[in-house]
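Written out below as structure tokens is the structure these notes cover.
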Amino acid sequence: MKKFLSLMLALAMIFSLAACGGGNAETSNPPSDNSADPVESGEPGEDEYVGLDWEAISAMDYEEASDTIYDFVLGEFGEYYATAKQASGDERMALMAIAEAKLLESGVFIPVMANGGNYAMSRVVPRTTCQVLWGMDEYRYYPALVCNELITVDDNNALKALWAEAEDAPAYYEAAKAYLAEHNYTLTDTYTLSTSYIVNIWDAIGTSYTSDAMFIAGTYDNLLEYDAKGIQQPCLATSYDVSADGLTYTFHIREGVKWVDQQGTEIGEVTADDWVASMEHLLDNTAELGYLCTVSDGCGLKNFDAYLKGEAAFEDVGVKAIDDYTLEYTLEAPFPAFPTMLGYSIFAPLNRDFYRSQGGTFGAEGEEYTAGNYGKTPANIAYCGPYLITSYTAQNNVRYEANPTYWNADAVTIKNLVYTYNDGTDALRSYNEAKAGTIAGTGFRAEALEMAKTEKPEGQDKTYLELYGYVSRCTGTTFPGWNNVYRNTWNNFDDNSVGISTKRGNDAEIARTRDAMANQHFRLAICFGVDRGAYNAQLVGDELKLTSLRNSYTPGTFMYLASDVTVEINGTAKTFPANTSYGEIMQAQLDADGVPIKVWDPNGDGGAGSGDGFDGWHNEAKAKAELELAIAELAQIGVEVSAENPIHIDYPVQTYDNAYKNAANAVKQSLEEALEGKVIIDLVDYNKDTDNEHATYRINDGRDANFDFAIASGWGPDYGDAQSYLDTVQAGGYMCKNFGLY
């Protein structure tokens with residue numbers, strides 16, 4: 001499942017769910033002191049600057065216009081990335097890191113924060129669910145251990161130490177249970193979580209939103225599944241084989257697994273055809289799933305793209321049911337990371353007969369495609385996973401009970417799972433509910449953190465923070481601040497009211513902002529001028545304002561070289577030894593280009609190295625220098641930028657949430673101060689979450705992006721390769737809509 005997250009919704013989850021991961025992020029690495037000069041194309045006025053020809057672009061269709069603008073703002077990244085994707089092995093990883101450095105230099109976005117990295121308290125035993133940073137297994141809560149009591153920070157740390165020592169996941173579960181019993185904890189089979197997500201659809205293959213997929217994840221099983229030690233284990237496939245040429249993967253399907261309806265009535269057996277039906281449904285769904293139609297960039301299924309282009313029949317696509325219990329995938333080219341993709345929802349099984357019973361059809365079979373009623377409610381899907389959904393009320397709760405026919409029922413420790421809805425308007429609700437045991441845990445938002453610092457549990461000498469507060473781990477999800485380079489929308493989605501500040505209400509001002517946003521130096525001025533730490537402090541408190549800061553799109557620790565590799569950086573051969581991180585290679589390219597962005601701290605994370613936990617971007621002097629370069633270039637195309645005639649930028653703000661309102665004001669204050677009033681942030685108020693969400697998150701394409709700058713949505717990886725991130729910002733990629741394209 002593609003991890004496209006809304007910041008507002010995901011942070012609501014952080015505050016209630018981050019305790020579940022049980023990881024630990026180190027705090028307060030110092031900001032970068034890199035003194036390299038800003039990116040320059042020459043001194044102001046030295047080189048001729050030619051901006052985009054907006055009149056010509058206005059005559060183009062949207063795709064052509066997007067291509068033209070993309071080449072202008074991201075053409076260099078596109079070239080480097082295309083080269084990286086043609087390489088293999090460790091060279092491929094190194095070239096992707098170099099390409100990402102070029103992406104960051106473009107200034108189309110600034111990485112802001114990771115998911116997690118805040119104080120939390122929880123009843124969930126740390127690291128008893130999936131620990132990898134990709135796929136949807138993290139939302140498969142059935143093996144979690146949950147206590148009736150809040151777990152102290154000392155016991156939390158001790159349990160994590162047991163996890164590190166354990167040989168495998170079963171050994172950790174046994175050690176954890178023994179430790180808990182010895183320290184007077186008792187286990188419950190009910191897990192209640194708080195979330196601000198609202199489900200739009202229950203079809204795992206019909207959505208690209210985590211706000212849907214997390215609710216569906218427990219209703220089906222995957223071919224393989226990651227355990228609590230991050231090891232991929234057999235699930236609906238008992239084993240698989242890989243051909244000598246690396247192109248064909250043959251999965252042996254577990255026999256006797258049952259499909260049931262919402263009531264638990266058996267409707268069929270899981271067979272290899274369920275994955276063929278799933279792929280047919282995916283191909284039909286390209287209009288809804290957007291980015292997923294380019295899945296061949298990731299898994300390279302044979303003739304996937306050719307089918308979409310009408311150049312091949314479905315029987316030529318690289319998915320085959322050899323018999324009822326043998327499934328075969330064939331790739332266009334070897335892709336060693338392919339098995340890591342199997343937690344991605346495009347590889348969820350689909351019961352063909354049930355889908356048809358809901359009115360669903362398949363274009364691959366010559367039918368006019370419709371999903372019918374499939375996925376409209378929990379009653380309109382088939383189940384083969386650990387849970388059945390017993391009740392669902394929008395903006396209330398979703399209740400699950402253990403599936404009595406589940407093939408691995410003995411592994412299900414959580415028999416009752418409940419998501420309870422929290423709209424975020426009460427900043428203390430999750431904190432109070434976690435204390436009372438109504439929910440299993442919570443992260444401390446700024447308001448709750450202040451209370452936890454002084455409030456003591458009954459009979460205790462320590463405060464809630466001292467006794468229970470730990471720092472949750474940072475996940476693989478990255479939330480950037482997006483610069484919209486081709487804004488087309490200024491009206492709210494539901495009532496067509498104006499969604500733009502009154503100071504920008506004319507075509508001339510709109511044109512000036514568009515010209516400015518197309519300029520690389522202007523975008524970098526914004527990126528260097530925003531104080532991300534001040535922003536984050538409003539959400540998680542001043543103590544942890546740096547902890548979750550992320551300085552690149554792909555986390556610096558996401559991949560490591562398996563062997564020595566030599567690549568060229570700006571024409572000079574450079575050898576990186578085995579175990580070099582992705583982040584270190586990114587940093588080498590940035591340093592070679594003289595770009596003052598710090599994405600890797602070799603001393604971070606206790607000396608292990610990290611790209612998180614410090615601010616490698618914010619620097620007022622660098623922001624001013626970039627703006628001066630932009631002013632000189634924009635003057636050449638007749639655009640004046642000065643304190644008397646500033647560029648106005650619309651930033652949407654959730655006025656219904658005080659923490660986010662304060663965070664938006666921190667962005668405004670820091671940027672306007674850094675750029676000396678020559679750039680003005682106009683906060684556009686949204687007093688309903690649906691308005692804000694549809695302006696920034698639930699947008700069909702770049703034309704719907706109703707902002708100039710926004711910290712609104714993020715991306716988490718789908719599989720264990722940097723391509724899972726970078727594909728989203730290649731030409732036509734899924735996240736390009738956040739900077740107004742495609």
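If you're wondering about the labels, chains in the structure tokens are A, B, ... by order shown, residues count from 1 in each chain, ligands from 1 in order shown.
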
| query | Quick one: residues within 10 Å of range 399-413 of chain A, only C-alpha atoms counted, chain neighbours fewer than 4 positions away excluded, as a ChimeraX atom specification? | reply | /A:141-146,187-192,215,218-221,235-236,254-260,262-266,383-393,417-420

Tell me, which residues of range 159-337 of chain A carry DSSP helix (DSSP H, G or I), written as a PDB file with C-alpha atoms, in the first residue's frame?
ATOM      1  CA  LEU A 159      12.171  -4.636  26.882  1.00  0.00           C
ATOM      2  CA  LYS A 160      13.891  -3.012  23.914  1.00  0.00           C
ATOM      3  CA  ALA A 161      17.188  -4.383  25.191  1.00  0.00           C
ATOM      4  CA  LEU A 162      15.608  -7.855  25.302  1.00  0.00           C
ATOM      5  CA  TRP A 163      14.476  -7.355  21.717  1.00  0.00           C
ATOM      6  CA  ALA A 164      18.024  -6.519  20.650  1.00  0.00           C
ATOM      7  CA  GLU A 165      19.362  -9.619  22.400  1.00  0.00           C
ATOM      8  CA  ALA A 169      10.815 -12.944  17.144  1.00  0.00           C
ATOM      9  CA  PRO A 170       9.473 -15.993  19.076  1.00  0.00           C
ATOM     10  CA  ALA A 171      12.410 -15.749  21.482  1.00  0.00           C
ATOM     11  CA  TYR A 172      11.635 -12.083  22.093  1.00  0.00           C
ATOM     12  CA  TYR A 173       7.945 -12.756  22.760  1.00  0.00           C
ATOM     13  CA  GLU A 174       8.836 -15.379  25.367  1.00  0.00           C
ATOM     14  CA  ALA A 175      11.443 -13.126  27.002  1.00  0.00           C
ATOM     15  CA  ALA A 176       9.022 -10.186  27.023  1.00  0.00           C
ATOM     16  CA  LYS A 177       6.220 -12.226  28.584  1.00  0.00           C
ATOM     17  CA  ALA A 178       8.535 -13.480  31.312  1.00  0.00           C
ATOM     18  CA  TYR A 179       9.795  -9.963  32.025  1.00  0.00           C
ATOM     19  CA  LEU A 180       6.270  -8.556  32.195  1.00  0.00           C
ATOM     20  CA  ALA A 181       5.099 -11.262  34.597  1.00  0.00           C
ATOM     21  CA  GLU A 182       8.137 -10.699  36.815  1.00  0.00           C
ATOM     22  CA  THR A 210      -3.021   5.313   4.212  1.00  0.00           C
ATOM     23  CA  SER A 211      -6.122   6.861   5.750  1.00  0.00           C
ATOM     24  CA  ASP A 212      -8.030   4.005   4.105  1.00  0.00           C
ATOM     25  CA  ALA A 213      -5.457   1.230   3.991  1.00  0.00           C
ATOM     26  CA  MET A 214      -4.608   1.046   7.678  1.00  0.00           C
ATOM     27  CA  PHE A 215      -8.201   0.020   8.407  1.00  0.00           C
ATOM     28  CA  ILE A 216      -8.123  -2.698   5.734  1.00  0.00           C
ATOM     29  CA  ALA A 217      -4.713  -4.196   6.539  1.00  0.00           C
ATOM     30  CA  GLY A 218      -6.001  -6.680   9.121  1.00  0.00           C
ATOM     31  CA  THR A 219      -8.706  -8.090   6.862  1.00  0.00           C
ATOM     32  CA  ASP A 273      -5.983 -17.023  -8.965  1.00  0.00           C
ATOM     33  CA  ASP A 274      -6.714 -14.518  -6.195  1.00  0.00           C
ATOM     34  CA  TRP A 275      -3.489 -12.690  -7.063  1.00  0.00           C
ATOM     35  CA  VAL A 276      -4.275 -12.807 -10.770  1.00  0.00           C
ATOM     36  CA  ALA A 277      -7.699 -11.276 -10.078  1.00  0.00           C
ATOM     37  CA  SER A 278      -6.002  -8.663  -7.889  1.00  0.00           C
ATOM     38  CA  MET A 279      -3.679  -7.629 -10.716  1.00  0.00           C
ATOM     39  CA  GLU A 280      -6.597  -7.422 -13.164  1.00  0.00           C
ATOM     40  CA  HIS A 281      -8.400  -5.143 -10.705  1.00  0.00           C
ATOM     41  CA  LEU A 282      -5.258  -3.021 -10.263  1.00  0.00           C
ATOM     42  CA  LEU A 283      -4.923  -2.523 -14.012  1.00  0.00           C
ATOM     43  CA  ASP A 284      -8.569  -1.463 -14.175  1.00  0.00           C
ATOM     44  CA  THR A 286      -5.300   3.113 -12.808  1.00  0.00           C
ATOM     45  CA  ALA A 287      -7.578   6.175 -12.916  1.00  0.00           C
ATOM     46  CA  GLU A 288      -8.180   5.963  -9.161  1.00  0.00           C
ATOM     47  CA  LEU A 289      -4.756   4.816  -8.098  1.00  0.00           C
ATOM     48  CA  GLY A 290      -2.712   7.252 -10.163  1.00  0.00           C
ATOM     49  CA  TYR A 291       0.856   6.454  -9.252  1.00  0.00           C
ATOM     50  CA  LEU A 292       0.157   2.725  -9.025  1.00  0.00           C
ATOM     51  CA  CYS A 293      -0.251   2.521 -12.794  1.00  0.00           C
ATOM     52  CA  THR A 294       3.502   3.088 -13.008  1.00  0.00           C
ATOM     53  CA  VAL A 295       4.192   0.174 -10.702  1.00  0.00           C
ATOM     54  CA  SER A 296       6.481  -1.305 -13.358  1.00  0.00           C
ATOM     55  CA  ASP A 297       9.002   1.328 -12.300  1.00  0.00           C
ATOM     56  CA  PHE A 304       2.482  -4.284 -17.222  1.00  0.00           C
ATOM     57  CA  ASP A 305       3.022  -0.999 -19.040  1.00  0.00           C
ATOM     58  CA  ALA A 306       2.455  -2.626 -22.416  1.00  0.00           C
ATOM     59  CA  TYR A 307      -0.999  -3.752 -21.289  1.00  0.00           C
ATOM     60  CA  LEU A 308      -1.876  -0.269 -20.063  1.00  0.00           C
ATOM     61  CA  PHE A 314      -3.518  -9.530 -20.059  1.00  0.00           C
ATOM     62  CA  GLU A 315      -2.290 -13.090 -20.558  1.00  0.00           C
ATOM     63  CA  ASP A 316       1.066 -11.550 -21.493  1.00  0.00           C
TER      64      ASP A 316
END

Spatial neighbours of Cys147 in chain A, max dist 8 Å, only C-alpha atoms, sep filter under 4 positions, as a short mmCIF file (atom, residue, chain, number, x, y, z; two decimals) with all heavy atoms, in the first residue's frame:
data_model
loop_
_atom_site.label_atom_id
_atom_site.label_comp_id
_atom_site.auth_asym_id
_atom_site.auth_seq_id
_atom_site.Cartn_x
_atom_site.Cartn_y
_atom_site.Cartn_z
N ARG A 123 0.71 1.29 26.74
CA ARG A 123 0.54 -0.05 27.30
C ARG A 123 1.01 -1.13 26.33
O ARG A 123 0.99 -2.31 26.66
CB ARG A 123 -0.95 -0.28 27.63
CG ARG A 123 -1.46 0.60 28.75
CD ARG A 123 -2.97 0.52 28.89
NE ARG A 123 -3.42 1.21 30.09
CZ ARG A 123 -3.55 2.53 30.21
NH1 ARG A 123 -3.26 3.30 29.18
NH2 ARG A 123 -3.95 3.06 31.34
N VAL A 124 1.41 -0.72 25.13
CA VAL A 124 1.84 -1.67 24.11
C VAL A 124 3.30 -2.03 24.32
O VAL A 124 4.16 -1.14 24.43
CB VAL A 124 1.63 -1.09 22.70
CG1 VAL A 124 2.03 -2.11 21.64
CG2 VAL A 124 0.18 -0.67 22.51
N VAL A 125 3.59 -3.29 24.38
CA VAL A 125 4.96 -3.75 24.59
C VAL A 125 5.78 -3.39 23.35
O VAL A 125 5.39 -3.72 22.22
CB VAL A 125 5.01 -5.26 24.85
CG1 VAL A 125 6.45 -5.74 25.04
CG2 VAL A 125 4.16 -5.59 26.08
N ILE A 151 3.31 1.14 30.68
CA ILE A 151 4.66 0.59 30.83
C ILE A 151 5.61 1.73 31.19
O ILE A 151 5.65 2.75 30.50
CB ILE A 151 5.11 -0.11 29.54
CG1 ILE A 151 4.14 -1.25 29.20
CG2 ILE A 151 6.53 -0.63 29.66
CD1 ILE A 151 4.39 -1.88 27.84
N TYR A 185 3.13 -6.90 35.39
CA TYR A 185 2.25 -6.47 34.32
C TYR A 185 1.32 -7.61 33.94
O TYR A 185 1.70 -8.79 34.02
CB TYR A 185 3.05 -6.06 33.08
CG TYR A 185 3.84 -4.78 33.24
CD1 TYR A 185 5.18 -4.81 33.60
CD2 TYR A 185 3.25 -3.54 33.00
CE1 TYR A 185 5.92 -3.65 33.73
CE2 TYR A 185 3.99 -2.36 33.13
CZ TYR A 185 5.32 -2.43 33.50
OH TYR A 185 6.05 -1.27 33.62
N THR A 186 0.10 -7.26 33.52
CA THR A 186 -0.84 -8.27 33.02
C THR A 186 -1.22 -7.93 31.58
O THR A 186 -1.28 -6.75 31.21
CB THR A 186 -2.10 -8.32 33.89
OG1 THR A 186 -2.71 -7.02 33.93
CG2 THR A 186 -1.75 -8.78 35.31
N LEU A 187 -1.44 -8.95 30.79
CA LEU A 187 -1.73 -8.76 29.37
C LEU A 187 -3.23 -8.77 29.10
O LEU A 187 -4.00 -9.46 29.78
CB LEU A 187 -1.05 -9.85 28.54
CG LEU A 187 0.47 -9.82 28.51
CD1 LEU A 187 1.03 -11.06 27.80
CD2 LEU A 187 0.97 -8.55 27.82
N THR A 188 -3.64 -8.01 28.10
CA THR A 188 -5.02 -7.97 27.65
C THR A 188 -5.09 -8.40 26.19
O THR A 188 -4.09 -8.29 25.47
CB THR A 188 -5.64 -6.56 27.80
OG1 THR A 188 -6.97 -6.56 27.28
CG2 THR A 188 -4.81 -5.53 27.04
#

Show me a table, sorted first by chain and then by increasing residue number, of the residues of range 496-602 of chain A having an atom at most 8 Å from range 85-95 of chain A, each with its shortest atom pair and the distance in Å to one decimal, counting only C-alpha atoms and written as CSV.
residue,atom,partner,partner_atom,distance
A:Met559,CA,A:Met93,CA,7.7
A:Leu561,CA,A:Asp90,CA,5.7
A:Ala562,CA,A:Asp90,CA,6.6
A:Ser563,CA,A:Asp90,CA,6.9
A:Asp564,CA,A:Asp90,CA,7.9
A:Val565,CA,A:Glu91,CA,6.1
A:Thr566,CA,A:Glu91,CA,7.4
A:Val567,CA,A:Glu91,CA,7.1
A:Tyr582,CA,A:Ala94,CA,6.9
A:Ile585,CA,A:Ala94,CA,6.5

| message | Let me make sure I understand: among A:Ile510, A:Ala313, A:Met517, A:Met341, which one has the smallest atom-to-atom distance to Trp490 in chain A if we use only C-alpha atoms? | response | A:Ile510

| said: List the spatial neighbours of Val639 in chain A as a count of residues only - criterion: any atom at most 10 Å away, only C-alpha atoms, same-chain residues fewer than 6 positions off excluded. | reply: 10

Distance table requested - range 508-620 of chain A against range 719-725 of chain A, cut-off 8 Å, only C-alpha atoms: one row per qualifying residue with the closest atom pair and its distance in Å to one decimal, ordered by chain and rising residue number, as a tab-separated table.
residue	atom	partner	partner_atom	distance
A:Tyr553	CA	A:Tyr725	CA	7.1
A:Thr554	CA	A:Tyr725	CA	6.2
A:Phe558	CA	A:Ala722	CA	7.5
A:Met559	CA	A:Asp721	CA	7.3

Write the residues you've just listed into a file as a PDB file, in the first residue's frame, and include C-alpha atoms for each of them.
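Wrote it out as part.pdb, contents follow:
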ATOM      1  CA  TYR A 553      13.286  12.604   1.382  1.00  0.00           C
ATOM      2  CA  THR A 554      14.699   9.080   1.684  1.00  0.00           C
ATOM      3  CA  PHE A 558      17.337   3.510   4.676  1.00  0.00           C
ATOM      4  CA  MET A 559      20.004   1.640   2.688  1.00  0.00           C
TER       5      MET A 559
END

Which range 498-611 of chain A residues have any atom within 12 Å of an atom of range 652-665 of chain A, and for each, what is the nearest pair of atoms with distance in Å to one decimal, counting only C-alpha atoms, rows sorted by chain and number, as CSV?
residue,atom,partner,partner_atom,distance
A:Gly499,CA,A:Pro652,CA,8.7
A:Ile500,CA,A:Pro652,CA,8.9
A:Ser501,CA,A:Pro652,CA,9.7
A:Val530,CA,A:Ala664,CA,10.5
A:Asp531,CA,A:Ala663,CA,10.2
A:Arg532,CA,A:Ala663,CA,9.2
A:Gly533,CA,A:Ala663,CA,9.8
A:Ala534,CA,A:Ala663,CA,7.4
A:Tyr535,CA,A:Ala663,CA,4.6
A:Asn536,CA,A:Ala663,CA,6.9
A:Ala537,CA,A:Ala663,CA,7.7
A:Gln538,CA,A:Ala663,CA,5.3
A:Leu539,CA,A:Ala659,CA,5.7
A:Val540,CA,A:Ala659,CA,9.0
A:Gly541,CA,A:Ala659,CA,10.1
A:Lys545,CA,A:Ala663,CA,11.5

| request: Counting only C-alpha atoms, figure out which residue out of A:Ile681, A:Ile57, A:Leu449, A:Val595 gets nearest to Leu103 in chain A. | output: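 Nearest candidate to Leu103 in chain A out of A:Ile681, A:Ile57, A:Leu449, A:Val595: A:Val595.
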
| field | Non-local contacts of Trp600 in chain A (7 Å; only C-alpha atoms; under 3 positions in same chain excluded) as a list of chain:residue names | value |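 Here the answer would be A:Gly556, A:Gly583, A:Glu584, A:Gln587, A:Ser610, A:Gly611.
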
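Nearest to Ser122 in chain A of all the residues A:Gly529, A:Gly441, A:Gly677, A:Gly594 is A:Gly441, counting only C-alpha atoms.
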
Neighbouring residues of range 590-592 of chain A were defined as those with any atom within 12 Å, considering only C-alpha atoms; residues of the same chain fewer than 3 positions away were excluded. Please report them as a CSV table (one decimal) with N, CA and C atoms, in the first residue's frame.
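Contents of part.csv, freshly written:
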chain,number,residue,atom,x,y,z
A,34,ASN,N,27.8,23.9,8.0
A,34,ASN,CA,28.4,23.9,6.7
A,34,ASN,C,28.4,25.4,6.2
A,35,SER,N,29.6,25.9,5.9
A,35,SER,CA,29.7,27.3,5.5
A,35,SER,C,29.9,27.4,4.0
A,36,ALA,N,29.5,26.4,3.2
A,36,ALA,CA,29.6,26.5,1.7
A,36,ALA,C,28.7,27.6,1.2
A,37,ASP,N,29.1,28.2,0.1
A,37,ASP,CA,28.2,29.2,-0.5
A,37,ASP,C,27.0,28.7,-1.1
A,38,PRO,N,25.9,29.5,-1.2
A,38,PRO,CA,24.7,29.0,-1.8
A,38,PRO,C,24.9,28.6,-3.2
A,39,VAL,N,23.9,27.8,-3.7
A,39,VAL,CA,23.9,27.4,-5.1
A,39,VAL,C,23.9,28.7,-6.0
A,97,ALA,N,21.4,7.9,-4.6
A,97,ALA,CA,21.7,8.9,-3.5
A,97,ALA,C,22.2,10.2,-4.2
A,98,ILE,N,23.0,10.1,-5.2
A,98,ILE,CA,23.5,11.2,-6.0
A,98,ILE,C,22.3,12.0,-6.6
A,99,ALA,N,21.4,11.2,-7.2
A,99,ALA,CA,20.2,11.8,-7.9
A,99,ALA,C,19.4,12.5,-6.8
A,100,GLU,N,19.2,12.0,-5.6
A,100,GLU,CA,18.4,12.6,-4.6
A,100,GLU,C,19.1,14.0,-4.2
A,101,ALA,N,20.4,14.0,-4.2
A,101,ALA,CA,21.0,15.3,-3.8
A,101,ALA,C,20.6,16.3,-4.8
A,102,LYS,N,20.6,16.0,-6.1
A,102,LYS,CA,20.1,16.9,-7.1
A,102,LYS,C,18.6,17.3,-6.9
A,103,LEU,N,17.8,16.4,-6.5
A,103,LEU,CA,16.4,16.7,-6.1
A,103,LEU,C,16.4,17.7,-5.0
A,104,LEU,N,17.1,17.6,-4.0
A,104,LEU,CA,17.1,18.5,-2.9
A,104,LEU,C,17.6,19.9,-3.3
A,105,GLU,N,18.6,19.9,-4.2
A,105,GLU,CA,19.1,21.2,-4.7
A,105,GLU,C,18.1,22.0,-5.5
A,106,SER,N,17.1,21.3,-6.0
A,106,SER,CA,16.1,22.0,-6.8
A,106,SER,C,15.2,22.9,-6.0
A,552,SER,N,16.3,14.8,4.5
A,552,SER,CA,16.2,14.3,3.1
A,552,SER,C,14.9,13.6,2.9
A,568,GLU,N,31.2,8.3,-10.1
A,568,GLU,CA,31.7,9.6,-10.4
A,568,GLU,C,30.9,10.7,-9.7
A,569,ILE,N,31.5,11.6,-9.0
A,569,ILE,CA,30.8,12.8,-8.5
A,569,ILE,C,31.5,14.0,-9.1
A,570,ASN,N,30.7,14.6,-10.0
A,570,ASN,CA,31.2,15.8,-10.7
A,570,ASN,C,32.4,15.5,-11.5
A,571,GLY,N,32.5,14.3,-12.1
A,571,GLY,CA,33.6,13.9,-13.0
A,571,GLY,C,34.8,13.3,-12.3
A,572,THR,N,34.7,13.2,-11.0
A,572,THR,CA,35.8,12.6,-10.2
A,572,THR,C,35.4,11.3,-9.6
A,574,LYS,N,35.0,8.4,-7.1
A,574,LYS,CA,35.0,8.4,-5.6
A,574,LYS,C,34.6,7.0,-5.2
A,583,GLY,N,22.7,8.2,3.1
A,583,GLY,CA,22.8,9.6,3.5
A,583,GLY,C,24.2,10.1,3.3
A,584,GLU,N,25.2,9.3,3.6
A,584,GLU,CA,26.6,9.8,3.4
A,584,GLU,C,26.9,10.0,1.9
A,585,ILE,N,26.4,9.2,1.1
A,585,ILE,CA,26.6,9.5,-0.4
A,585,ILE,C,25.9,10.7,-0.9
A,586,MET,N,24.7,10.9,-0.4
A,586,MET,CA,24.0,12.2,-0.7
A,586,MET,C,24.8,13.4,-0.3
A,587,GLN,N,25.3,13.3,1.0
A,587,GLN,CA,26.1,14.4,1.5
A,587,GLN,C,27.3,14.7,0.6
A,595,VAL,N,26.6,23.0,-2.0
A,595,VAL,CA,25.2,23.4,-1.6
A,595,VAL,C,25.2,23.2,-0.1
A,596,PRO,N,24.8,24.3,0.6
A,596,PRO,CA,24.8,24.2,2.1
A,596,PRO,C,23.6,23.5,2.7
A,597,ILE,N,23.5,22.3,2.4
A,597,ILE,CA,22.4,21.4,3.0
A,597,ILE,C,23.2,20.3,3.7
A,598,LYS,N,22.8,20.1,4.9
A,598,LYS,CA,23.4,18.9,5.7
A,598,LYS,C,22.4,17.9,5.8
A,599,VAL,N,22.6,16.7,5.2
A,599,VAL,CA,21.6,15.6,5.3
A,599,VAL,C,22.2,14.4,6.1
A,600,TRP,N,23.4,14.5,6.5
A,600,TRP,CA,24.0,13.3,7.2
A,600,TRP,C,25.0,13.8,8.3
A,616,GLY,N,19.5,20.6,9.3
A,616,GLY,CA,20.6,20.8,8.3
A,616,GLY,C,20.2,21.8,7.2

| query | Separation of CA of Leu247 in chain A and CA of Phe347 in chain A, in Å? | reply | 17.1 Å

| field | Exercise: range 450-462 of chain A partners within 12 Å, only C-alpha atoms, chain neighbours under 3 positions left out, as a VMD selection string | value | chain A and resid 119 to 121 150 152 to 153 427 to 428 431 to 432 434 to 436 442 to 447 465 to 470 538 to 543

| Residues of range 220-386 of chain A in strand (DSSP E), written as a PyMOL selection string | chain A and resi 224-226+232-234+237-242+248-253+258-260+266-269+319-323+326-330

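Here CA of Asp261 in chain A and CA of Thr129 in chain A stand 26.1 Å from one another.
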
| task | Compare A:Arg487, A:Gly638, A:Asp423, A:Phe362 by their minimum atom-to-atom distance to Tyr742 in chain A, counting only C-alpha atoms, and give me the closest one. | result |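 Result for the nearest residue to Tyr742 in chain A: A:Arg487.
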